[in-house]
Amino acid sequence: MTYTKLEQLRLEKLHRLREQGIDPYPRRVKRTHTSREAIRAFEAAEAAGESDPVRATLVGRLRSMRPMGKIAFAHIEDGQGRVQLFFRANELGTEALQHLTRDFDLGDFIEAEGEMMRTRAGEVTLRVTAFRMIAKAITPLPAAKDEIVDGKIVRHATLSDPETRFRQRYADLAVNPHVRQIFVKRAAVLRALRDFMDSHGFLEVETPILQPIYGGAAARPFVTYHNQLKQELYLRISFELYLKRLLVGGLERVYEIGRDFRNEGVDRTHNPEFTMLEFYWAYADYQAVMEFTEEMLRYVVQHVTGSTTLTYQGQQIDFGKPWRRITLQDSLAELAGIDLDAFPDADSLRGEMVQRGLQPNPAAPRGKLIENLLGEYVEPTLIQPTFIYDYPRDVSPLAKSRPGDPSTVERFEGFVAGFEICNAFTELNDPLDQQARFEEMRRAYAKGDEDRHPMDEDYLRAMRYGMPPNGGFGMGVDRLVMLLTDQPNIREVILFPHLRSREGVDR
């Protein structure tokens, strides 16, 4: 390990402390109040006119320190906020004050005991009667600049480079309070989703992450190998096929919130590891799931933000109004000027796309080309919550066909702020039709194509026992958090997003 000059200076202080018999990393810490609790306790006693002092022992990271001869002021920060500390040589002794200014650095963790007071400037402060080091920081945190705005201390961190922030999220969280708030809000989103699902009679379950056959979505999986079983396994790309097995077993409403893994590209709305909510609801169809989706997202937005209206990247989005509903075919006619009936096969539609300057995959079936057109012309325009419904059968192998129209399935996708947020079907429960769909996709897609759905014999066996009619739903939780925290990139809402390795940096 090579240390910088600043790190070497801090290491010297650490060694000096140990030589003096001071443990810079003690095993036990005393704490009576958080910063917020101590300030509130003092303000309550002050308002009540109580004469007895409020005593407190506080802990936190040293954020600022201002030695002023025989006194010193400092600010520490814990998980609930910041509080000022006041040190005075008359109470602590000159040697103790010298210990503070000589051995403590910004970023160190300190335990301080004393009485709460209010300074002449009006700031609630702990007048310190005893203190000690509880964790020495060897590497300095990225610098931060404090300024007074409207009588309050506002800190501006210099750690702003996105790649550095994502690679060193621990430092990002330590110096950027607004980043911590993103993940506080993310936790609130997950709580609200669970509260809503639980209150509507859904049972939360857990299904395998390592699967012998991947399925339930169109994606390339990550592959691993089990040495003892001598078997290739896949990190799941979806929960779907296992959750629907539970419907066969008699569980009528099930959901799971967890990680999926897809071996795909990274962009502002995609990360190889991401969080999904999926639910399956016996005896419901995609129309019922649409209504449920509106209600669920209205509930989550209201409970997390306090309103059904939010602003995302400068655009106001209203979850309180009914979502717009439009068929996929009508959306392309309206926004792209394409009448799908005029292009009944893949070759004719591909020719139209080429005429428009697009570069369609020469081997893609018609349904995949329609999805490409949706992404090109329709999706970016869908700012307000919108359902696009009735999709091509050949890109939806697990959905029921519409009555009288075998080429179209009962599927919808929900869009907000120009990107997809959820996907749902009236689920196929005919085992013979399902087997035919798998065979059809095997023929339509080349081996290795990520849209090719593998044959899952055990899932077909489960279906043959009898699967009730049901509606299924999947939603990217990370994208929902992006919306509710006004973040333009999915990596801002994932604590440790995947990044390309850098030689000498990530080892």
# chains A, B, ... in the order shown; residues from 1 in each chain; ligands from 1
>>> residues_around(residues="Glu278 (chain A)", least_positions_apart="4", cutoff="8 Å", atoms="only C-alpha atoms", output="list in words")
Phe239, Glu240, Tyr255, Glu256, Ile257, Gly472, Phe473, Gly474 and Met475 of chain A
>>> residues_around(residues="Asp52 (chain A)", least_positions_apart="2", cutoff="12 Å", atoms="only C-alpha atoms", output="number ranges by chain")
A: 41-42, 45-46, 48-50, 54-55, 115-117
>>> write_last_selection(atoms="C-alpha atoms", output="PDB file, in the first residue's frame")
ATOM      1  CA  ALA A  41     -34.265  17.984  24.207  1.00  0.00           C
ATOM      2  CA  PHE A  42     -32.488  21.282  24.847  1.00  0.00           C
ATOM      3  CA  ALA A  45     -36.217  22.326  28.224  1.00  0.00           C
ATOM      4  CA  GLU A  46     -35.500  25.898  27.164  1.00  0.00           C
ATOM      5  CA  ALA A  48     -40.342  25.009  29.469  1.00  0.00           C
ATOM      6  CA  GLY A  49     -37.990  27.268  31.429  1.00  0.00           C
ATOM      7  CA  GLU A  50     -36.220  24.346  33.107  1.00  0.00           C
ATOM      8  CA  VAL A  54     -29.518  18.818  29.467  1.00  0.00           C
ATOM      9  CA  ARG A  55     -26.565  16.454  29.591  1.00  0.00           C
ATOM     10  CA  GLU A 115     -24.101  19.980  28.611  1.00  0.00           C
ATOM     11  CA  MET A 116     -26.269  21.491  25.904  1.00  0.00           C
ATOM     12  CA  MET A 117     -26.217  25.289  25.655  1.00  0.00           C
TER      13      MET A 117
END
>>> residues_around(residues="region 96-111 of chain A", least_positions_apart="5", cutoff="9 Å", atoms="only C-alpha atoms", output="MDAnalysis selection string")
chainID A and resid 10 13:14 16:17 29:31 57:67 70:72 76 87:89 130:141
>>> write_last_selection(atoms="C-alpha atoms", output="compact mmCIF listing (two decimals), in the first residue's frame")
# COMPACT_ATOMS: atom_id res chain seq x y z
CA ARG A 10 -2.38 10.81 9.88
CA LYS A 13 -0.77 10.56 14.67
CA LEU A 14 -2.39 7.14 14.94
CA ARG A 16 1.54 8.33 18.49
CA LEU A 17 -1.86 7.75 20.08
CA VAL A 29 -18.86 3.64 22.50
CA LYS A 30 -21.24 5.58 24.73
CA ARG A 31 -24.12 7.53 23.20
CA THR A 57 -23.02 12.17 25.10
CA LEU A 58 -22.85 12.55 21.33
CA VAL A 59 -20.88 10.71 18.64
CA GLY A 60 -20.19 11.56 15.03
CA ARG A 61 -17.73 12.42 12.31
CA LEU A 62 -15.69 15.60 12.78
CA ARG A 63 -16.72 17.95 9.97
CA SER A 64 -15.13 21.26 10.96
CA MET A 65 -12.77 22.51 13.65
CA ARG A 66 -11.86 26.11 14.55
CA PRO A 67 -9.18 26.45 17.28
CA LYS A 70 -7.93 28.60 24.72
CA ILE A 71 -11.19 27.60 23.10
CA ALA A 72 -12.22 25.65 20.01
CA ILE A 76 -19.82 16.76 14.13
CA PHE A 87 -14.24 23.08 23.88
CA ARG A 88 -12.73 25.31 26.58
CA ALA A 89 -9.33 24.89 28.22
CA ALA A 130 -14.90 15.06 28.13
CA PHE A 131 -14.10 13.61 24.73
CA ARG A 132 -12.17 10.83 23.05
CA MET A 133 -11.26 9.41 19.66
CA ILE A 134 -13.46 6.51 18.54
CA ALA A 135 -12.20 6.04 14.95
CA LYS A 136 -9.21 7.62 13.25
CA ALA A 137 -9.66 8.39 9.53
CA ILE A 138 -6.42 7.74 7.68
CA THR A 139 -7.58 8.92 4.25
CA PRO A 140 -9.00 12.46 4.18
CA LEU A 141 -12.48 12.78 2.76
>>> select_by_dssp(residues="region 147-217 of chain A", states="alpha helix (DSSP H)", output="ChimeraX atom specification")
/A:162-167,169-175,177-199
>>> write_last_selection(atoms="C-alpha atoms", output="mmCIF file, in the first residue's frame")
data_model
loop_
_atom_site.group_PDB
_atom_site.id
_atom_site.type_symbol
_atom_site.label_atom_id
_atom_site.label_comp_id
_atom_site.auth_asym_id
_atom_site.auth_seq_id
_atom_site.Cartn_x
_atom_site.Cartn_y
_atom_site.Cartn_z
ATOM 1 C CA PRO A 162 -19.886 10.860 -11.424
ATOM 2 C CA GLU A 163 -17.483 7.982 -12.043
ATOM 3 C CA THR A 164 -15.482 8.723 -8.894
ATOM 4 C CA ARG A 165 -18.700 9.070 -6.918
ATOM 5 C CA PHE A 166 -20.001 5.688 -8.127
ATOM 6 C CA ARG A 167 -16.660 3.921 -7.596
ATOM 7 C CA ARG A 169 -19.878 5.534 -3.001
ATOM 8 C CA TYR A 170 -18.758 5.489 0.636
ATOM 9 C CA ALA A 171 -16.991 8.823 0.113
ATOM 10 C CA ASP A 172 -19.909 10.132 -1.956
ATOM 11 C CA LEU A 173 -22.329 9.380 0.879
ATOM 12 C CA ALA A 174 -19.981 10.857 3.461
ATOM 13 C CA VAL A 175 -19.619 14.256 1.780
ATOM 14 C CA PRO A 177 -25.904 14.693 2.185
ATOM 15 C CA HIS A 178 -28.339 14.877 -0.755
ATOM 16 C CA VAL A 179 -27.058 11.482 -1.954
ATOM 17 C CA ARG A 180 -27.876 9.954 1.433
ATOM 18 C CA GLN A 181 -31.395 11.320 1.066
ATOM 19 C CA ILE A 182 -31.826 9.512 -2.268
ATOM 20 C CA PHE A 183 -31.343 6.192 -0.497
ATOM 21 C CA VAL A 184 -33.515 7.175 2.438
ATOM 22 C CA LYS A 185 -36.256 7.839 -0.102
ATOM 23 C CA ARG A 186 -35.483 4.573 -1.903
ATOM 24 C CA ALA A 187 -36.122 2.700 1.348
ATOM 25 C CA ALA A 188 -39.404 4.598 1.709
ATOM 26 C CA VAL A 189 -40.422 3.484 -1.800
ATOM 27 C CA LEU A 190 -39.797 -0.164 -0.926
ATOM 28 C CA ARG A 191 -41.767 0.170 2.324
ATOM 29 C CA ALA A 192 -44.698 1.786 0.505
ATOM 30 C CA LEU A 193 -44.743 -0.936 -2.165
ATOM 31 C CA ARG A 194 -44.763 -3.669 0.468
ATOM 32 C CA ASP A 195 -47.436 -1.896 2.516
ATOM 33 C CA PHE A 196 -49.670 -1.599 -0.530
ATOM 34 C CA MET A 197 -49.198 -5.201 -1.673
ATOM 35 C CA ASP A 198 -49.656 -6.611 1.826
ATOM 36 C CA SER A 199 -52.802 -4.547 2.408
#
>>> residues_around(residues="region 271-277 of chain A", least_positions_apart="6", cutoff="8 Å", atoms="only C-alpha atoms", output="list in words")
Tyr255, Glu256, Ile257, Gly258, Arg259, Asp260, Phe261, Arg262, Asn263, Glu264, Gly265, Phe473, Gly474, Met475, Gly476, Val477, Asp478, Ile490, Arg491, Pro497 and His498 of chain A
>>> write_last_selection(atoms="C-alpha atoms", output="mmCIF file, in the first residue's frame")
data_model
loop_
_atom_site.group_PDB
_atom_site.id
_atom_site.type_symbol
_atom_site.label_atom_id
_atom_site.label_comp_id
_atom_site.auth_asym_id
_atom_site.auth_seq_id
_atom_site.Cartn_x
_atom_site.Cartn_y
_atom_site.Cartn_z
ATOM 1 C CA TYR A 255 -45.299 -10.951 -5.085
ATOM 2 C CA GLU A 256 -41.550 -10.651 -4.821
ATOM 3 C CA ILE A 257 -39.213 -7.676 -4.578
ATOM 4 C CA GLY A 258 -35.642 -8.645 -5.377
ATOM 5 C CA ARG A 259 -32.700 -8.624 -7.739
ATOM 6 C CA ASP A 260 -32.666 -9.671 -11.372
ATOM 7 C CA PHE A 261 -29.511 -9.996 -13.472
ATOM 8 C CA ARG A 262 -29.313 -9.417 -17.220
ATOM 9 C CA ASN A 263 -26.131 -9.619 -19.233
ATOM 10 C CA GLU A 264 -26.898 -6.525 -21.260
ATOM 11 C CA GLY A 265 -25.638 -3.023 -21.966
ATOM 12 C CA PHE A 473 -46.975 -7.594 -13.524
ATOM 13 C CA GLY A 474 -43.325 -6.527 -13.386
ATOM 14 C CA MET A 475 -41.861 -3.125 -12.540
ATOM 15 C CA GLY A 476 -38.333 -1.764 -12.339
ATOM 16 C CA VAL A 477 -38.037 -0.356 -8.814
ATOM 17 C CA ASP A 478 -34.858 1.559 -9.657
ATOM 18 C CA ILE A 490 -30.186 4.744 -12.829
ATOM 19 C CA ARG A 491 -26.707 4.596 -11.318
ATOM 20 C CA PRO A 497 -23.684 0.306 -9.644
ATOM 21 C CA HIS A 498 -21.631 -1.839 -11.986
#
>>> select_by_dssp(residues="region 139-281 of chain A", states="strand (DSSP E)", output="count of residues only")
43
